[in-house]
Amino acid sequence: MLVTRHIGYQLQMPDVEVDAWEHERLVAAGRRAVDEHDDARAAQLLSKALNLWRGAALVDVPTGPLLELEVMRLEHLRLCAAEMRIEAELRLGRHQTLLGDLAVLCAQHPLNENLQIHYLLALYRSGRQWQALTVYRQLRHTLDLELGVEPCPRAQQMMRAITASDPTLDQVLHPALGRLVG
């Protein structure tokens, strides 16, 4: 499996036996499913990809500059996969099941407005408008304190829609019909 080469070592094994490669394959397939508007398949593939993770990337390996870049790339890919899965699940109306994951992700990434917007929507759809308002206030405070900026226009628009109880926020993709229903 491990072969010596003139510049170092090379791992020779099928892609499916390396979690990182399998994760990338599943994320690419999930992205294609999103592009094809197949949210149920996308959510399934992306969940499978995310379930391959057990802690931080290369946590047991001493890293140098090159491996640190690979760790950053893998962590970014994991976060992108999580966001795509959440978006697909929200379109399918699975907001209640996302609350725990979103709470953790938002705590880990307090400046990620995309995750915060998804959390606001999931809270609102779950009948927790008051909690969505609290999360938005915290986001606004954190962005101001850390960066001196206001939330992005999408976050502000989401907050206006939540405070107005905009009925379009309750629209989800009906799996059988393949269209939005309210």
# chains A, B, ... in the order shown; residues from 1 in each chain; ligands from 1
>>> residues_around(residues="Asn112 (chain A)", least_positions_apart="2", cutoff="12 Å", atoms="only C-alpha atoms", output="PDB file with N, CA, C and O atoms, in the first residue's frame")
ATOM      1  N   LEU A  79     -17.267  21.928   5.680  1.00  0.00           N
ATOM      2  CA  LEU A  79     -18.226  22.981   5.988  1.00  0.00           C
ATOM      3  C   LEU A  79     -19.149  23.242   4.797  1.00  0.00           C
ATOM      4  O   LEU A  79     -20.359  23.414   4.963  1.00  0.00           O
ATOM      5  N   CYS A  80     -18.602  23.244   3.590  1.00  0.00           N
ATOM      6  CA  CYS A  80     -19.431  23.420   2.389  1.00  0.00           C
ATOM      7  C   CYS A  80     -20.443  22.283   2.254  1.00  0.00           C
ATOM      8  O   CYS A  80     -21.607  22.512   1.899  1.00  0.00           O
ATOM      9  N   GLU A  83     -23.215  22.857   4.746  1.00  0.00           N
ATOM     10  CA  GLU A  83     -24.130  23.919   4.307  1.00  0.00           C
ATOM     11  C   GLU A  83     -25.048  23.431   3.192  1.00  0.00           C
ATOM     12  O   GLU A  83     -26.249  23.720   3.209  1.00  0.00           O
ATOM     13  N   LEU A 102     -27.446  22.864  13.545  1.00  0.00           N
ATOM     14  CA  LEU A 102     -27.259  24.296  13.291  1.00  0.00           C
ATOM     15  C   LEU A 102     -26.784  25.036  14.531  1.00  0.00           C
ATOM     16  O   LEU A 102     -25.933  25.930  14.433  1.00  0.00           O
ATOM     17  N   LEU A 105     -23.041  24.199  14.754  1.00  0.00           N
ATOM     18  CA  LEU A 105     -22.281  24.839  13.675  1.00  0.00           C
ATOM     19  C   LEU A 105     -22.207  26.353  13.850  1.00  0.00           C
ATOM     20  O   LEU A 105     -21.168  26.965  13.605  1.00  0.00           O
ATOM     21  N   CYS A 106     -23.307  26.960  14.278  1.00  0.00           N
ATOM     22  CA  CYS A 106     -23.313  28.415  14.480  1.00  0.00           C
ATOM     23  C   CYS A 106     -22.425  28.820  15.653  1.00  0.00           C
ATOM     24  O   CYS A 106     -21.780  29.865  15.611  1.00  0.00           O
ATOM     25  N   ALA A 107     -22.359  27.981  16.669  1.00  0.00           N
ATOM     26  CA  ALA A 107     -21.461  28.258  17.789  1.00  0.00           C
ATOM     27  C   ALA A 107     -20.003  28.116  17.351  1.00  0.00           C
ATOM     28  O   ALA A 107     -19.145  28.895  17.772  1.00  0.00           O
ATOM     29  N   GLN A 108     -19.727  27.144  16.493  1.00  0.00           N
ATOM     30  CA  GLN A 108     -18.368  26.941  15.997  1.00  0.00           C
ATOM     31  C   GLN A 108     -17.950  28.002  14.993  1.00  0.00           C
ATOM     32  O   GLN A 108     -16.769  28.304  14.871  1.00  0.00           O
ATOM     33  N   HIS A 109     -18.923  28.545  14.255  1.00  0.00           N
ATOM     34  CA  HIS A 109     -18.643  29.515  13.182  1.00  0.00           C
ATOM     35  C   HIS A 109     -19.552  30.742  13.349  1.00  0.00           C
ATOM     36  O   HIS A 109     -20.446  30.971  12.537  1.00  0.00           O
ATOM     37  N   PRO A 110     -19.331  31.526  14.404  1.00  0.00           N
ATOM     38  CA  PRO A 110     -20.247  32.633  14.703  1.00  0.00           C
ATOM     39  C   PRO A 110     -20.263  33.749  13.653  1.00  0.00           C
ATOM     40  O   PRO A 110     -21.209  34.537  13.625  1.00  0.00           O
ATOM     41  N   ASN A 114     -24.132  32.674   6.424  1.00  0.00           N
ATOM     42  CA  ASN A 114     -24.960  31.703   5.716  1.00  0.00           C
ATOM     43  C   ASN A 114     -25.547  30.685   6.692  1.00  0.00           C
ATOM     44  O   ASN A 114     -26.743  30.390   6.658  1.00  0.00           O
ATOM     45  N   LEU A 115     -24.708  30.141   7.571  1.00  0.00           N
ATOM     46  CA  LEU A 115     -25.206  29.207   8.586  1.00  0.00           C
ATOM     47  C   LEU A 115     -26.209  29.876   9.512  1.00  0.00           C
ATOM     48  O   LEU A 115     -27.241  29.289   9.865  1.00  0.00           O
ATOM     49  N   GLN A 116     -25.915  31.108   9.899  1.00  0.00           N
ATOM     50  CA  GLN A 116     -26.813  31.832  10.803  1.00  0.00           C
ATOM     51  C   GLN A 116     -28.180  32.044  10.149  1.00  0.00           C
ATOM     52  O   GLN A 116     -29.218  31.908  10.812  1.00  0.00           O
ATOM     53  N   ILE A 117     -28.195  32.357   8.865  1.00  0.00           N
ATOM     54  CA  ILE A 117     -29.461  32.545   8.141  1.00  0.00           C
ATOM     55  C   ILE A 117     -30.257  31.248   8.129  1.00  0.00           C
ATOM     56  O   ILE A 117     -31.474  31.237   8.348  1.00  0.00           O
ATOM     57  N   HIS A 118     -29.573  30.129   7.882  1.00  0.00           N
ATOM     58  CA  HIS A 118     -30.257  28.829   7.902  1.00  0.00           C
ATOM     59  C   HIS A 118     -30.834  28.540   9.294  1.00  0.00           C
ATOM     60  O   HIS A 118     -31.938  28.015   9.413  1.00  0.00           O
ATOM     61  N   TYR A 119     -30.076  28.898  10.319  1.00  0.00           N
ATOM     62  CA  TYR A 119     -30.529  28.685  11.696  1.00  0.00           C
ATOM     63  C   TYR A 119     -31.764  29.540  11.987  1.00  0.00           C
ATOM     64  O   TYR A 119     -32.735  29.062  12.584  1.00  0.00           O
ATOM     65  N   LEU A 139     -25.854  37.629  16.389  1.00  0.00           N
ATOM     66  CA  LEU A 139     -25.079  37.740  15.153  1.00  0.00           C
ATOM     67  C   LEU A 139     -24.693  39.194  14.899  1.00  0.00           C
ATOM     68  O   LEU A 139     -23.533  39.504  14.615  1.00  0.00           O
ATOM     69  N   ARG A 140     -25.660  40.064  15.025  1.00  0.00           N
ATOM     70  CA  ARG A 140     -25.411  41.491  14.788  1.00  0.00           C
ATOM     71  C   ARG A 140     -24.368  42.028  15.767  1.00  0.00           C
ATOM     72  O   ARG A 140     -23.452  42.747  15.378  1.00  0.00           O
ATOM     73  N   THR A 142     -22.038  40.274  17.392  1.00  0.00           N
ATOM     74  CA  THR A 142     -20.743  39.655  17.106  1.00  0.00           C
ATOM     75  C   THR A 142     -20.079  40.298  15.897  1.00  0.00           C
ATOM     76  O   THR A 142     -18.878  40.598  15.922  1.00  0.00           O
ATOM     77  N   LEU A 143     -20.837  40.505  14.838  1.00  0.00           N
ATOM     78  CA  LEU A 143     -20.273  41.132  13.632  1.00  0.00           C
ATOM     79  C   LEU A 143     -19.790  42.553  13.924  1.00  0.00           C
ATOM     80  O   LEU A 143     -18.726  42.968  13.454  1.00  0.00           O
ATOM     81  N   PRO A 151     -24.891  42.900   9.674  1.00  0.00           N
ATOM     82  CA  PRO A 151     -25.160  41.653   8.948  1.00  0.00           C
ATOM     83  C   PRO A 151     -25.394  41.930   7.464  1.00  0.00           C
ATOM     84  O   PRO A 151     -25.832  43.019   7.072  1.00  0.00           O
ATOM     85  N   CYS A 152     -25.103  40.932   6.653  1.00  0.00           N
ATOM     86  CA  CYS A 152     -25.255  41.065   5.201  1.00  0.00           C
ATOM     87  C   CYS A 152     -26.727  41.316   4.848  1.00  0.00           C
ATOM     88  O   CYS A 152     -27.626  41.036   5.640  1.00  0.00           O
ATOM     89  N   ALA A 155     -29.146  38.408   5.488  1.00  0.00           N
ATOM     90  CA  ALA A 155     -29.502  38.208   6.898  1.00  0.00           C
ATOM     91  C   ALA A 155     -30.516  39.257   7.340  1.00  0.00           C
ATOM     92  O   ALA A 155     -31.475  38.940   8.056  1.00  0.00           O
TER      93      ALA A 155
END
>>> atom_distance(atom1="CA of Glu150 (chain A)", atom2="CA of Ala164 (chain A)")
20.2 Å
>>> residues_around(residues="Leu169 (chain A)", least_positions_apart="5", cutoff="12 Å", atoms="only C-alpha atoms", output="list in words")
Leu90, Arg91, Gly93, His95, Ile117, His118, Leu120, Leu121, Ala122, Leu123, Tyr124, Arg125, Ser126, Gly127, Gln129, Gln157, Met158, Met159, Arg160, Ala161, Ile162, Thr163, Ala164, Leu180, Val181 and Gly182 of chain A
>>> select_by_dssp(residues="chain A", states="helix (DSSP H, G or I)", output="count of residues only")
120
>>> closest_residue(among="A:Asp170, A:Leu98, A:Leu111, A:Val135", to="Gly148 (chain A)", atoms="only C-alpha atoms")
A:Leu111
